[in-house]
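Each remark here refers to the structure printed beneath this line.
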Amino acid sequence: KTTAVEKILPAEMISRNNFSVWSILKKCIGMELSKIAMPVVFNEPLSFLQRISEYMEHTHLIHKACSLSDSIERMQVVAAFAVSAVASQWERTGKPFNPLLGETYELVREDECYRLISEQVSHHPPVSAFHAESLKKEFKFHGSIYPKLKFWGKSVEAEPKGTMTLELLKHKEAYTWTNPMCCVHNIILGKLWIEQYGTVEIVNHSTGDKCVLNFKPCGMFGKELHKVEGYIQDKSKKKRLVIYGKWTECMYSVDPKVYDASKKTGGDSKKLKQVKDEHSCEGEEADEMPEVQETVTVIPGSALLWRITPRPAHSAQMYNFTSFAMTLNELEPSMERLLAPTDCRLRPDIRAMENGDIDTASTEKERLEEKQRAARRERSQDKEEWSTRWFQLRTNPYTGAEDWLYTGGYFDRNYSDCPNIY
């Protein structure tokens, strides 16, 4: 059982200044990066399975949505949750460890009244599936992510393919959406910085309400950096609310008429044209991160939906982790007896990196990857298929698309047939 207390990691992060990413990446322009082995120094000491567990940091928003009787009010809180779920990406420029096939991660938070299980269900392509449920049977939140990474000369773009499904059981409602694109700038030179962009469409499959959120690219002079703007419409396509804010800070909702009036009276009406030098690799100079503009301008009459939890004081020396992220790899002695042997808290390379031992982390990572390759060769010789343990590829009942769905049973704690992956 994990309770969130102010935490620090066992060791500060190692300086990356003596390593050149360019020597590795110059061979890969325009390529998919999932097959490129990166030195461990560019990682952060969490598995991607732990990273996606960070969607749950603001679970209080799901509890709030469960408590509301009006579907449009529920939608605005679900929209805030969808934004909050990607807020921990801010300044997280370390790469999470690629999960091994069959790796799992569980998170039981009795204080927040939920439990989560995730599993690496495919290696090529890499797919991570997760399922969280309320301990009081109020909600289920699940999805599978296939992160497609592309390198564009100065930046790495990550497309988190896969659908999020949130079910509010008391209201017999299901919401689905996909997450925005994420881009890490200045991979080669200069200070790394992150932006998220793209349109996120949240659909309430029970009422037909829809929320369209536009995560804006930073644009000229960084005016739009981190901004999110959008609206909620009901099934008759009537605009009911405007939602605005920054994914790094806070989100508000306001009546559309009030919003339009504030724009006319000199809100930020000057639309600046976007620069499209994103994919050009000619210049050797860095794409400077725009100065973060003044915080969100609040329109009178707006309701605050969500505000980010401030990062701990020492976050910059700890991979820019949130307080929540710092708790995720903790292994309390009592937990070890309970955990599945595939849980990533037991992964020796991540543990070594968390403890500041980069050499052990590097040799252990190579050993684990070689063990995984050997197991794959053995399976193909025996004409054996890999079978997932906790999730099956089925049809998402709301979208009709293929999705990895939890088959149950993990918390019965019978792990006798789990693979030996470490």
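Every chain in the structure tokens has a letter given in the order shown (A, B, ...), and although residue numbers restart at 1 in each chain, ligands are simply numbered from 1 in the order shown.
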
- stretch 89-100 of chain A surroundings by only C-alpha atoms, 8 Å radius, close-in-sequence under 2 positions cut, as a VMD selection string: chain A and resid 42 to 49 51 86 to 87 102 to 103 120 123 184 192 to 195 248 319 to 321 350 369 372 421

Keeping N, CA, C and O atoms, export the residues of the selection given above as an mmCIF file, in the first residue's frame.
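The resulting file, part-v4.cif, is shown below:
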data_model
loop_
_atom_site.group_PDB
_atom_site.id
_atom_site.type_symbol
_atom_site.label_atom_id
_atom_site.label_comp_id
_atom_site.auth_asym_id
_atom_site.auth_seq_id
_atom_site.Cartn_x
_atom_site.Cartn_y
_atom_site.Cartn_z
ATOM 1 N N PHE A 42 20.658 8.560 -20.705
ATOM 2 C CA PHE A 42 19.566 9.411 -21.181
ATOM 3 C C PHE A 42 18.205 9.000 -20.598
ATOM 4 O O PHE A 42 17.185 9.593 -20.913
ATOM 5 N N ASN A 43 18.206 7.960 -19.775
ATOM 6 C CA ASN A 43 16.956 7.478 -19.191
ATOM 7 C C ASN A 43 16.620 8.203 -17.892
ATOM 8 O O ASN A 43 17.440 8.924 -17.329
ATOM 9 N N GLU A 44 15.414 7.966 -17.411
ATOM 10 C CA GLU A 44 15.052 8.298 -16.035
ATOM 11 C C GLU A 44 14.741 6.961 -15.353
ATOM 12 O O GLU A 44 14.355 6.003 -16.034
ATOM 13 N N PRO A 45 14.918 6.873 -14.011
ATOM 14 C CA PRO A 45 14.803 5.560 -13.360
ATOM 15 C C PRO A 45 13.351 5.124 -13.117
ATOM 16 O O PRO A 45 12.945 4.862 -11.991
ATOM 17 N N LEU A 46 12.590 5.055 -14.203
ATOM 18 C CA LEU A 46 11.231 4.502 -14.165
ATOM 19 C C LEU A 46 11.024 3.735 -15.466
ATOM 20 O O LEU A 46 11.576 4.101 -16.502
ATOM 21 N N SER A 47 10.194 2.721 -15.414
ATOM 22 C CA SER A 47 9.785 2.014 -16.624
ATOM 23 C C SER A 47 8.640 2.803 -17.267
ATOM 24 O O SER A 47 7.927 3.542 -16.584
ATOM 25 N N PHE A 48 8.441 2.624 -18.568
ATOM 26 C CA PHE A 48 7.307 3.283 -19.232
ATOM 27 C C PHE A 48 5.979 2.867 -18.577
ATOM 28 O O PHE A 48 5.021 3.645 -18.564
ATOM 29 N N LEU A 49 5.910 1.659 -18.007
ATOM 30 C CA LEU A 49 4.683 1.242 -17.304
ATOM 31 C C LEU A 49 4.423 2.133 -16.087
ATOM 32 O O LEU A 49 3.288 2.458 -15.769
ATOM 33 N N ARG A 51 5.573 5.218 -15.882
ATOM 34 C CA ARG A 51 5.288 6.537 -16.445
ATOM 35 C C ARG A 51 3.797 6.684 -16.782
ATOM 36 O O ARG A 51 3.185 7.712 -16.494
ATOM 37 N N VAL A 86 -1.654 14.268 -18.681
ATOM 38 C CA VAL A 86 -0.409 14.437 -19.444
ATOM 39 C C VAL A 86 0.453 15.579 -18.891
ATOM 40 O O VAL A 86 1.488 15.912 -19.449
ATOM 41 N N ALA A 87 0.042 16.155 -17.755
ATOM 42 C CA ALA A 87 0.757 17.319 -17.217
ATOM 43 C C ALA A 87 2.128 16.955 -16.660
ATOM 44 O O ALA A 87 3.033 17.797 -16.639
ATOM 45 N N GLY A 102 6.128 -8.864 -21.015
ATOM 46 C CA GLY A 102 5.640 -9.570 -19.825
ATOM 47 C C GLY A 102 5.860 -8.813 -18.529
ATOM 48 O O GLY A 102 5.387 -9.218 -17.462
ATOM 49 N N GLU A 103 6.598 -7.687 -18.591
ATOM 50 C CA GLU A 103 6.782 -6.851 -17.395
ATOM 51 C C GLU A 103 5.430 -6.321 -16.926
ATOM 52 O O GLU A 103 4.534 -6.071 -17.743
ATOM 53 N N GLN A 120 3.274 -5.114 -20.151
ATOM 54 C CA GLN A 120 3.823 -4.938 -21.495
ATOM 55 C C GLN A 120 3.336 -6.116 -22.330
ATOM 56 O O GLN A 120 3.782 -7.245 -22.147
ATOM 57 N N HIS A 123 6.145 -6.533 -27.762
ATOM 58 C CA HIS A 123 7.481 -5.914 -27.799
ATOM 59 C C HIS A 123 7.754 -5.227 -29.132
ATOM 60 O O HIS A 123 8.321 -4.150 -29.173
ATOM 61 N N VAL A 184 10.029 16.586 -27.963
ATOM 62 C CA VAL A 184 11.182 17.028 -27.173
ATOM 63 C C VAL A 184 12.136 17.749 -28.123
ATOM 64 O O VAL A 184 12.622 17.164 -29.092
ATOM 65 N N LEU A 192 17.029 21.078 -23.481
ATOM 66 C CA LEU A 192 15.868 20.278 -23.896
ATOM 67 C C LEU A 192 14.580 20.936 -23.407
ATOM 68 O O LEU A 192 14.524 21.422 -22.277
ATOM 69 N N TRP A 193 13.560 20.978 -24.250
ATOM 70 C CA TRP A 193 12.247 21.450 -23.777
ATOM 71 C C TRP A 193 11.135 20.704 -24.496
ATOM 72 O O TRP A 193 11.351 20.115 -25.554
ATOM 73 N N ILE A 194 9.968 20.719 -23.893
ATOM 74 C CA ILE A 194 8.878 19.848 -24.342
ATOM 75 C C ILE A 194 7.647 20.657 -24.699
ATOM 76 O O ILE A 194 7.302 21.618 -24.006
ATOM 77 N N GLU A 195 6.994 20.280 -25.806
ATOM 78 C CA GLU A 195 5.651 20.825 -26.048
ATOM 79 C C GLU A 195 4.725 19.672 -26.422
ATOM 80 O O GLU A 195 5.172 18.616 -26.900
ATOM 81 N N THR A 248 0.363 22.829 -18.310
ATOM 82 C CA THR A 248 1.408 22.875 -17.281
ATOM 83 C C THR A 248 0.933 23.555 -15.999
ATOM 84 O O THR A 248 1.683 23.636 -15.033
ATOM 85 N N TYR A 319 15.489 14.330 -11.980
ATOM 86 C CA TYR A 319 14.855 14.018 -13.277
ATOM 87 C C TYR A 319 13.558 14.792 -13.508
ATOM 88 O O TYR A 319 12.717 14.369 -14.284
ATOM 89 N N ASN A 320 13.379 15.926 -12.809
ATOM 90 C CA ASN A 320 12.138 16.716 -12.890
ATOM 91 C C ASN A 320 10.896 15.902 -12.508
ATOM 92 O O ASN A 320 9.802 16.131 -13.024
ATOM 93 N N PHE A 321 11.071 14.956 -11.600
ATOM 94 C CA PHE A 321 9.939 14.149 -11.138
ATOM 95 C C PHE A 321 8.951 14.995 -10.328
ATOM 96 O O PHE A 321 9.335 15.939 -9.646
ATOM 97 N N ILE A 350 16.818 -0.546 -13.454
ATOM 98 C CA ILE A 350 16.142 0.681 -13.000
ATOM 99 C C ILE A 350 16.526 0.980 -11.552
ATOM 100 O O ILE A 350 16.813 2.123 -11.190
ATOM 101 N N GLU A 369 18.117 -7.194 -21.793
ATOM 102 C CA GLU A 369 17.714 -7.148 -23.203
ATOM 103 C C GLU A 369 18.193 -8.398 -23.942
ATOM 104 O O GLU A 369 17.479 -8.935 -24.785
ATOM 105 N N GLN A 372 15.995 -11.266 -23.020
ATOM 106 C CA GLN A 372 14.726 -11.168 -23.744
ATOM 107 C C GLN A 372 14.890 -11.678 -25.184
ATOM 108 O O GLN A 372 14.040 -12.405 -25.700
ATOM 109 N N ILE A 421 11.575 -12.968 -16.174
ATOM 110 C CA ILE A 421 12.142 -12.023 -17.160
ATOM 111 C C ILE A 421 13.356 -11.251 -16.638
ATOM 112 O O ILE A 421 14.068 -10.630 -17.397
#

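Among the candidate residues A:Val298, A:Leu305, A:Ala174, A:Ile145, the one lying nearest to A:Ala80 is A:Leu305, with distances computed using only C-alpha atoms.
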
Hey, what's within 12 Å of A:Ser236 if we count only C-alpha atoms and toss same-chain stuff fewer than 6 positions away? As a PDB file with N, CA and C atoms, in the first residue's frame, please?
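What follows is the written file selection-v9.pdb:
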ATOM      1  N   THR A 207     -24.324   9.966 -23.701  1.00  0.00           N
ATOM      2  CA  THR A 207     -25.173  11.150 -23.925  1.00  0.00           C
ATOM      3  C   THR A 207     -24.959  11.797 -25.283  1.00  0.00           C
ATOM      4  N   GLY A 208     -23.819  11.479 -25.944  1.00  0.00           N
ATOM      5  CA  GLY A 208     -23.495  12.162 -27.199  1.00  0.00           C
ATOM      6  C   GLY A 208     -22.801  13.501 -26.986  1.00  0.00           C
ATOM      7  N   ASP A 209     -22.590  13.916 -25.716  1.00  0.00           N
ATOM      8  CA  ASP A 209     -21.813  15.140 -25.464  1.00  0.00           C
ATOM      9  C   ASP A 209     -20.382  14.919 -25.959  1.00  0.00           C
ATOM     10  N   LYS A 210     -19.754  16.019 -26.363  1.00  0.00           N
ATOM     11  CA  LYS A 210     -18.395  15.911 -26.884  1.00  0.00           C
ATOM     12  C   LYS A 210     -17.585  17.109 -26.410  1.00  0.00           C
TER      13      LYS A 210
END

Pick out the residues sitting within 9 Å of A:Glu138, and hand them over as a PDB file with N, CA, C and O atoms, in the first residue's frame; count only C-alpha atoms, and ignore anything fewer than 3 positions along from it in its own chain.
ATOM      1  N   HIS A  63     -13.089  11.163  -9.064  1.00  0.00           N
ATOM      2  CA  HIS A  63     -14.048  11.084  -7.941  1.00  0.00           C
ATOM      3  C   HIS A  63     -15.053  12.228  -8.022  1.00  0.00           C
ATOM      4  O   HIS A  63     -16.241  12.052  -7.778  1.00  0.00           O
ATOM      5  N   CYS A  66     -17.649  11.620 -10.691  1.00  0.00           N
ATOM      6  CA  CYS A  66     -18.622  10.613 -10.220  1.00  0.00           C
ATOM      7  C   CYS A  66     -19.716  11.259  -9.365  1.00  0.00           C
ATOM      8  O   CYS A  66     -20.859  10.811  -9.364  1.00  0.00           O
ATOM      9  N   GLU A 133      -9.005   0.693 -11.430  1.00  0.00           N
ATOM     10  CA  GLU A 133     -10.402   0.629 -11.000  1.00  0.00           C
ATOM     11  C   GLU A 133     -10.526   1.159  -9.591  1.00  0.00           C
ATOM     12  O   GLU A 133      -9.597   1.075  -8.781  1.00  0.00           O
ATOM     13  N   SER A 134     -11.700   1.735  -9.318  1.00  0.00           N
ATOM     14  CA  SER A 134     -11.997   2.255  -7.995  1.00  0.00           C
ATOM     15  C   SER A 134     -12.194   1.094  -7.027  1.00  0.00           C
ATOM     16  O   SER A 134     -12.785   0.069  -7.386  1.00  0.00           O
ATOM     17  N   LEU A 135     -11.694   1.252  -5.802  1.00  0.00           N
ATOM     18  CA  LEU A 135     -11.891   0.209  -4.789  1.00  0.00           C
ATOM     19  C   LEU A 135     -13.349   0.181  -4.333  1.00  0.00           C
ATOM     20  O   LEU A 135     -13.781  -0.748  -3.673  1.00  0.00           O
ATOM     21  N   GLU A 167     -14.798   4.863 -17.552  1.00  0.00           N
ATOM     22  CA  GLU A 167     -16.184   4.471 -17.298  1.00  0.00           C
ATOM     23  C   GLU A 167     -16.599   4.956 -15.913  1.00  0.00           C
ATOM     24  O   GLU A 167     -15.939   4.634 -14.921  1.00  0.00           O
ATOM     25  N   LEU A 168     -17.673   5.765 -15.859  1.00  0.00           N
ATOM     26  CA  LEU A 168     -18.254   6.180 -14.582  1.00  0.00           C
ATOM     27  C   LEU A 168     -19.443   5.253 -14.334  1.00  0.00           C
ATOM     28  O   LEU A 168     -20.493   5.388 -14.961  1.00  0.00           O
ATOM     29  N   LEU A 169     -19.242   4.283 -13.439  1.00  0.00           N
ATOM     30  CA  LEU A 169     -20.165   3.147 -13.366  1.00  0.00           C
ATOM     31  C   LEU A 169     -21.553   3.551 -12.864  1.00  0.00           C
ATOM     32  O   LEU A 169     -22.566   3.087 -13.387  1.00  0.00           O
ATOM     33  N   LYS A 170     -21.603   4.447 -11.865  1.00  0.00           N
ATOM     34  CA  LYS A 170     -22.897   4.842 -11.306  1.00  0.00           C
ATOM     35  C   LYS A 170     -23.755   5.537 -12.362  1.00  0.00           C
ATOM     36  O   LYS A 170     -24.962   5.380 -12.424  1.00  0.00           O
TER      37      LYS A 170
END

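Distances from A:Thr295, A:Ala325, A:Pro217, A:Tyr175 to A:Ile52 were compared using only C-alpha atoms, and the smallest one belongs to A:Ala325.
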
- Message: Between A:Ile299, A:Val228, A:Val40, A:Cys182, which residue has the minimum interatomic distance to A:Ala261, considering only C-alpha atoms?
- Response: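 Using only C-alpha atoms, the shortest distance to A:Ala261 belongs to A:Ile299.
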
- Item | Distance of atom CA of A:Asn214 from atom CA of A:Arg240, expressed in Å to one decimal place | 16.5 Å

- What is the atom CA of A:Arg311-atom CA of A:Leu149 distance in Å, reported with one decimal? 26.7 Å

- At what distance in Å, to one decimal, does atom CA of A:Ala85 lie from atom CA of A:Leu338?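 Computed distance, atom CA of A:Leu338 to atom CA of A:Ala85, equals 27.7 Å.
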
Got a sec: who's within 9 Å of A:Asp255, counting only C-alpha atoms, leaving out chain neighbours fewer than 4 positions off, as a tab-separated table (two decimals) with N, CA and C atoms, in the first residue's frame?
chain	number	residue	atom	x	y	z
A	240	ARG	N	-21.83	24.47	-25.21
A	240	ARG	CA	-22.30	24.71	-23.85
A	240	ARG	C	-21.25	25.39	-22.97
A	241	LEU	N	-19.99	25.07	-23.17
A	241	LEU	CA	-18.93	25.66	-22.34
A	241	LEU	C	-17.67	25.80	-23.16
A	242	VAL	N	-16.88	26.82	-22.83
A	242	VAL	CA	-15.53	26.92	-23.38
A	242	VAL	C	-14.55	26.53	-22.27
A	243	ILE	N	-13.52	25.79	-22.65
A	243	ILE	CA	-12.51	25.35	-21.68
A	243	ILE	C	-11.16	25.92	-22.12
A	259	TYR	N	-16.91	34.20	-23.09
A	259	TYR	CA	-15.60	33.97	-23.70
A	259	TYR	C	-15.45	34.81	-24.97
A	260	ASP	N	-16.47	34.76	-25.84
A	260	ASP	CA	-16.40	35.52	-27.10
A	260	ASP	C	-16.31	37.01	-26.83
A	301	GLY	N	-15.81	35.35	-14.35
A	301	GLY	CA	-16.94	34.43	-14.48
A	301	GLY	C	-16.52	33.00	-14.78
A	302	SER	N	-15.20	32.74	-14.83
A	302	SER	CA	-14.70	31.38	-15.11
A	302	SER	C	-14.70	30.52	-13.84

- Task: Using only C-alpha atoms, determine which residues lie at most 9 Å from A:Met318, disregarding the query and same-chain residues fewer than 6 positions distant; provide the list as a ChimeraX atom specification.
- Result: /A:8-9,11-13,44,326
